[in-house]
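File shown: protein-v3.tsv. Contents: TSV, C-alpha atoms.
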```tsv
chain	number	residue	atom	x	y	z
A	201	MET	CA	-22.74	22.79	-32.14
A	202	VAL	CA	-24.16	19.79	-33.95
A	203	GLY	CA	-20.66	18.86	-35.08
A	204	ASN	CA	-19.35	18.94	-31.53
A	205	SER	CA	-22.22	16.74	-30.32
A	206	PHE	CA	-21.53	14.26	-33.12
A	207	THR	CA	-17.82	14.12	-32.21
A	208	ILE	CA	-18.60	13.55	-28.54
A	209	ALA	CA	-21.02	10.76	-29.46
A	210	LYS	CA	-18.35	9.12	-31.61
A	211	LEU	CA	-15.82	9.33	-28.78
A	212	LEU	CA	-18.29	7.76	-26.37
A	213	LEU	CA	-18.98	4.91	-28.78
A	214	VAL	CA	-15.27	4.29	-29.33
A	215	SER	CA	-14.62	4.35	-25.58
A	216	ALA	CA	-17.46	1.91	-24.97
A	217	GLY	CA	-16.08	-0.39	-27.65
A	218	VAL	CA	-12.62	-0.33	-26.07
A	219	LEU	CA	-14.05	-1.15	-22.64
A	220	VAL	CA	-16.05	-4.06	-24.04
A	221	ALA	CA	-12.97	-5.39	-25.84
A	222	LEU	CA	-10.86	-5.16	-22.68
A	223	ALA	CA	-13.53	-6.93	-20.63
A	224	PHE	CA	-13.81	-9.69	-23.25
A	225	ASN	CA	-10.02	-10.14	-23.32
A	226	GLN	CA	-10.00	-10.42	-19.52
A	227	VAL	CA	-12.66	-13.14	-19.65
A	228	LEU	CA	-10.61	-15.05	-22.22
A	229	LEU	CA	-7.46	-14.68	-20.12
A	230	VAL	CA	-9.17	-16.03	-17.00
A	231	GLU	CA	-10.57	-18.98	-18.97
A	232	PHE	CA	-7.14	-19.72	-20.46
A	233	GLU	CA	-5.46	-19.64	-17.04
A	234	ASP	CA	-8.15	-21.86	-15.51
A	235	GLN	CA	-7.75	-24.37	-18.35
A	236	GLU	CA	-3.95	-24.35	-17.95
A	237	TYR	CA	-4.39	-25.00	-14.23
A	238	ARG	CA	-6.87	-27.87	-14.72
A	239	GLN	CA	-4.70	-29.59	-17.33
A	240	ALA	CA	-1.48	-29.23	-15.33
A	241	GLN	CA	-3.16	-30.55	-12.19
A	242	ALA	CA	-4.83	-33.48	-13.97
A	243	TRP	CA	-1.55	-34.64	-15.45
A	244	ALA	CA	0.37	-34.10	-12.20
A	245	VAL	CA	-2.07	-36.07	-10.05
A	246	ASN	CA	-2.10	-38.92	-12.56
A	247	TYR	CA	1.69	-38.84	-12.69
A	248	VAL	CA	1.86	-39.34	-8.93
A	249	ALA	CA	-0.60	-42.22	-9.25
A	250	GLY	CA	1.73	-43.83	-11.79
A	251	ASP	CA	-0.71	-43.53	-14.68
A	252	ASN	CA	0.98	-41.46	-17.38
A	253	THR	CA	-1.29	-42.70	-20.17
A	254	SER	CA	-4.58	-41.64	-18.63
A	255	PRO	CA	-7.05	-39.43	-20.53
A	256	ALA	CA	-5.78	-36.42	-18.59
A	257	ALA	CA	-2.23	-37.08	-19.78
A	258	ILE	CA	-3.41	-37.67	-23.32
A	259	LEU	CA	-5.27	-34.37	-23.13
A	260	LEU	CA	-1.96	-32.57	-22.75
A	261	SER	CA	-0.28	-34.46	-25.56
A	262	PRO	CA	-0.18	-32.89	-29.02
A	263	PRO	CA	-2.03	-34.76	-31.76
A	264	PRO	CA	0.14	-37.10	-33.80
A	265	ALA	CA	1.76	-35.30	-36.70
A	266	PRO	CA	0.65	-36.53	-40.12
A	267	GLU	CA	3.16	-38.22	-42.35
A	268	PRO	CA	4.86	-35.53	-44.47
A	269	ILE	CA	4.00	-35.73	-48.15
A	270	PRO	CA	7.19	-35.62	-50.22
A	271	ALA	CA	7.43	-32.65	-52.52
A	272	PRO	CA	10.08	-32.24	-55.17
A	273	GLU	CA	11.20	-28.78	-54.05
A	274	THR	CA	9.70	-28.39	-50.56
A	275	GLU	CA	10.96	-29.78	-47.25
A	276	PRO	CA	8.36	-31.01	-44.72
A	277	ALA	CA	7.55	-28.53	-41.96
A	278	PRO	CA	9.33	-29.22	-38.64
A	279	ILE	CA	7.23	-30.91	-35.95
A	280	ASP	CA	6.88	-28.90	-32.77
A	281	PRO	CA	8.11	-30.67	-29.61
A	282	PRO	CA	5.46	-31.65	-27.05
A	283	PRO	CA	4.72	-29.09	-24.35
A	284	THR	CA	6.91	-29.25	-21.27
A	285	ARG	CA	5.22	-30.99	-18.37
A	286	VAL	CA	6.34	-29.98	-14.91
A	287	LYS	CA	6.53	-32.96	-12.59
A	288	PRO	CA	4.85	-32.47	-9.21
A	289	ALA	CA	6.91	-32.46	-6.03
A	290	ALA	CA	4.10	-33.28	-3.61
A	291	ILE	CA	0.37	-33.72	-3.06
A	292	LEU	CA	-1.30	-31.39	-0.58
A	293	SER	CA	-4.53	-32.58	1.07
A	294	VAL	CA	-6.78	-30.47	3.29
A	295	PRO	CA	-9.97	-32.46	4.04
A	296	ALA	CA	-11.73	-29.60	5.86
A	297	ILE	CA	-12.01	-27.62	2.60
A	298	ALA	CA	-12.05	-30.64	0.24
A	299	LEU	CA	-8.69	-29.65	-1.24
A	300	ARG	CA	-6.38	-32.14	-2.91
A	301	VAL	CA	-3.85	-30.52	-5.20
A	302	ALA	CA	-0.44	-31.16	-6.75
A	303	VAL	CA	2.37	-28.91	-5.50
A	304	PHE	CA	5.31	-27.98	-7.71
A	305	ASP	CA	8.87	-26.96	-6.91
A	306	HIS	CA	9.64	-24.59	-9.78
A	307	GLY	CA	9.45	-21.20	-8.09
A	308	THR	CA	6.52	-18.96	-7.18
A	309	SER	CA	6.38	-16.65	-10.18
A	310	GLU	CA	3.00	-15.70	-11.65
A	311	SER	CA	3.46	-18.11	-14.56
A	312	ALA	CA	4.55	-20.92	-12.22
A	313	LEU	CA	1.49	-20.54	-9.97
A	314	ARG	CA	-0.85	-20.85	-12.94
A	315	LYS	CA	-0.11	-24.59	-12.84
A	316	GLY	CA	-0.93	-24.80	-9.14
A	317	PRO	CA	0.57	-24.19	-5.70
A	318	ALA	CA	4.36	-24.21	-5.45
A	319	PHE	CA	7.01	-24.36	-2.76
A	320	PHE	CA	8.92	-21.23	-1.91
A	321	PRO	CA	12.60	-21.69	-2.84
A	322	GLY	CA	14.36	-23.54	-0.02
A	323	ARG	CA	11.08	-24.26	1.78
A	324	SER	CA	10.16	-27.74	0.55
A	325	ASN	CA	11.86	-29.98	3.12
A	326	PRO	CA	9.35	-31.33	5.70
A	327	SER	CA	12.14	-31.81	8.22
A	328	GLY	CA	12.19	-28.01	8.54
A	329	ARG	CA	9.98	-25.13	7.48
A	330	VAL	CA	7.65	-25.78	4.53
A	331	ALA	CA	6.02	-22.83	2.76
A	332	ILE	CA	3.63	-23.10	-0.19
A	333	ALA	CA	2.18	-20.27	-2.27
A	334	GLY	CA	-1.05	-20.56	-4.23
A	335	HIS	CA	-3.70	-18.43	-5.88
A	336	LEU	CA	-6.77	-17.41	-3.90
A	337	GLY	CA	-9.21	-16.58	-6.69
A	338	GLU	CA	-7.55	-16.96	-10.09
A	339	ALA	CA	-5.92	-19.67	-12.22
A	340	GLY	CA	-8.05	-22.35	-10.60
A	341	GLY	CA	-8.03	-20.67	-7.20
A	342	PRO	CA	-6.73	-23.71	-5.28
A	343	PHE	CA	-6.32	-21.69	-2.06
A	344	GLU	CA	-9.72	-20.01	-2.34
A	345	TYR	CA	-10.99	-21.43	0.95
A	346	ILE	CA	-7.86	-21.58	3.11
A	347	GLY	CA	-9.23	-18.61	5.06
A	348	GLU	CA	-11.95	-20.94	6.39
A	349	LEU	CA	-9.45	-23.26	8.07
A	350	ARG	CA	-9.60	-23.38	11.85
A	351	PRO	CA	-7.11	-24.48	14.53
A	352	GLY	CA	-6.97	-28.25	14.65
A	353	ASP	CA	-7.82	-28.84	10.98
A	354	LEU	CA	-5.64	-31.54	9.43
A	355	ILE	CA	-3.24	-30.94	6.52
A	356	THR	CA	-1.19	-33.71	4.93
A	357	LEU	CA	1.73	-33.33	2.55
A	358	SER	CA	2.77	-36.39	0.53
A	359	ILE	CA	6.22	-35.93	-0.98
A	360	VAL	CA	6.64	-37.63	-4.35
A	361	GLY	CA	9.13	-40.44	-3.80
A	362	GLY	CA	9.17	-39.66	-0.08
A	363	GLY	CA	6.92	-39.93	2.94
A	364	GLU	CA	3.68	-38.38	4.14
A	365	TYR	CA	3.70	-35.61	6.72
A	366	ALA	CA	0.78	-34.42	8.83
A	367	TYR	CA	0.14	-30.97	10.26
A	368	ARG	CA	-2.56	-29.33	12.36
A	369	VAL	CA	-3.62	-25.74	11.67
A	370	SER	CA	-2.54	-23.46	14.53
A	371	GLY	CA	-3.79	-20.12	13.20
A	372	SER	CA	-4.01	-17.66	10.33
A	373	HIS	CA	-2.45	-14.24	9.77
A	374	VAL	CA	-2.73	-11.28	7.38
A	375	VAL	CA	0.68	-9.75	6.79
A	376	HIS	CA	2.28	-7.21	4.49
A	377	GLU	CA	3.97	-8.63	1.40
A	378	LEU	CA	7.36	-7.55	2.79
A	379	ASP	CA	6.82	-9.40	6.06
A	380	TRP	CA	8.60	-12.74	5.65
A	381	GLY	CA	8.85	-13.53	9.36
A	382	LEU	CA	6.62	-16.61	9.36
A	383	ILE	CA	8.10	-18.02	6.17
A	384	ASP	CA	11.70	-17.44	7.25
A	385	ASP	CA	11.05	-18.93	10.70
A	386	THR	CA	13.31	-21.94	11.20
A	387	ARG	CA	10.91	-23.92	13.38
A	388	PRO	CA	9.42	-27.02	11.69
A	389	GLY	CA	5.96	-26.34	10.37
A	390	LEU	CA	3.87	-25.55	7.33
A	391	ILE	CA	2.75	-22.21	5.85
A	392	LEU	CA	0.12	-21.78	3.13
A	393	GLN	CA	0.22	-18.33	1.54
A	394	ALA	CA	-2.16	-16.55	-0.83
A	395	CYS	CA	-2.49	-12.97	-2.07
A	396	LEU	CA	-5.60	-11.17	-0.88
A	397	LEU	CA	-8.07	-10.05	-3.54
A	398	GLY	CA	-9.02	-6.45	-4.27
A	399	ALA	CA	-7.01	-3.35	-5.07
A	400	ARG	CA	-7.07	-2.23	-1.42
A	401	TYR	CA	-5.36	-5.41	-0.26
A	402	HIS	CA	-2.92	-6.17	-3.09
A	403	ALA	CA	0.06	-5.56	-0.79
A	404	TYR	CA	-1.14	-8.05	1.83
A	405	ARG	CA	-0.98	-11.82	2.13
A	406	LEU	CA	-3.09	-14.41	3.93
A	407	LEU	CA	-0.95	-16.98	5.73
A	408	VAL	CA	-2.25	-20.16	7.33
A	409	GLU	CA	0.18	-21.68	9.81
A	410	ALA	CA	0.24	-25.36	10.81
A	411	ALA	CA	2.40	-27.32	13.22
A	412	PRO	CA	3.72	-30.88	12.77
A	413	TYR	CA	1.30	-33.49	14.02
```

Can you turn what I pasted into structure tokens?
Amino acid sequence: MVGNSFTIAKLLLVSAGVLVALAFNQVLLVEFEDQEYRQAQAWAVNYVAGDNTSPAAILLSPPPAPEPIPAPETEPAPIDPPPTRVKPAAILSVPAIALRVAVFDHGTSESALRKGPAFFPGRSNPSGRVAIAGHLGEAGGPFEYIGELRPGDLITLSIVGGGEYAYRVSGSHVVHELDWGLIDDTRPGLILQACLLGARYHAYRLLVEAAPY
């Protein structure tokens, strides 16, 4: 009986240790994604401003490699190339929620959205339907407060190398992830989309719709 109690205690301790390790790894992952978001956004905003040598840009640059020391029988180690920087396609500004963020045009995969909001493929031309996806509460959470937008709130989209386009919020919607009606709509306008948080809502999306102004 004592042996069984000892075994159960060991199993409980091991289980507790595994849970603590998983929780710690999750904290590290969130911090890493937030840092990736902040760095990508800092460089992108400075790039649009025409300042590619700012501290934010330097932050993303690898430290200079030391001069290799010649060795009679050893070749110097290869120098890793600098990390790839994704150039922004636009700047999104929403004064009502104090949001100013770089928007990319490199797809809406999970890894792509860690750098910031991104255009849906084929939905980046302001002369038609514009649709932008972003995270609600992770990887910087740039769209954390879009649910607070109200009809009439102003949204501006400044295309890099192009013009500035203004929109007014007309409403918000919660739709199933398979409902692409508002995004596929051909009428000119702007859609901001974010995944809802919580296991109960993982299959639903929050969409904010805005009309040209």

*Which of these, A:Val360, A:Ala244, A:Ala290, A:Leu397, has the shortest distance to Ile332 of chain A once you count all atoms listed in the file?*
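Checking each of A:Val360, A:Ala244, A:Ala290, A:Leu397 against Ile332 of chain A, counting all atoms listed in the file, the winner is A:Ala290.
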
*Using only C-alpha atoms, pick whichever of A:Ile359, A:Gly337, A:His306, A:Gln239 has the shortest atom-to-atom distance to Gly398 of chain A.*
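Smallest separation from Gly398 of chain A among the options: A:Gly337.
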
_Which residue of A:Ala333, A:Val375, A:Leu349, A:Ile383 approaches Tyr401 of chain A most closely, using all atoms listed in the file_ = A:Val375

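Distances to His335 of chain A were evaluated for A:Gln393, A:Thr386, A:Ser293, A:Ser372 using only C-alpha atoms, and the minimum falls at A:Gln393.
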
*Counting all atoms listed in the file, which of A:Ile291, A:Gly363, A:Gly341, A:Gln235 gets nearest to Tyr247 of chain A?*
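Selected residue with least distance to Tyr247 of chain A: A:Ile291.
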
*Contact residues around Leu292 of chain A with all atoms listed in the file at 7 Å, ignoring same-chain residues under 5 positions, as a PyMOL selection string*: chain A and resi 300-303+356-358

*Would you work out the distance separating atom CA of Ala394 of chain A from atom CA of Gly334 of chain A, expressed in Å to one decimal?*
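These two atoms are separated by 5.4 Å.
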
*With only C-alpha atoms as the basis for distance, which of A:Ala242, A:Leu336, A:Val248, A:Leu299 is at the shortest distance from Lys315 of chain A?*
A:Ala242

_Report, in Å with one decimal, the straight-line distance from atom CA of Leu396 of chain A to atom CA of Gly328 of chain A._
26.2 Å

*Could you check how far atom CA of Tyr413 of chain A sits from atom CA of Gly340 of chain A, in Å to one decimal?*
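The value is 28.6 Å.
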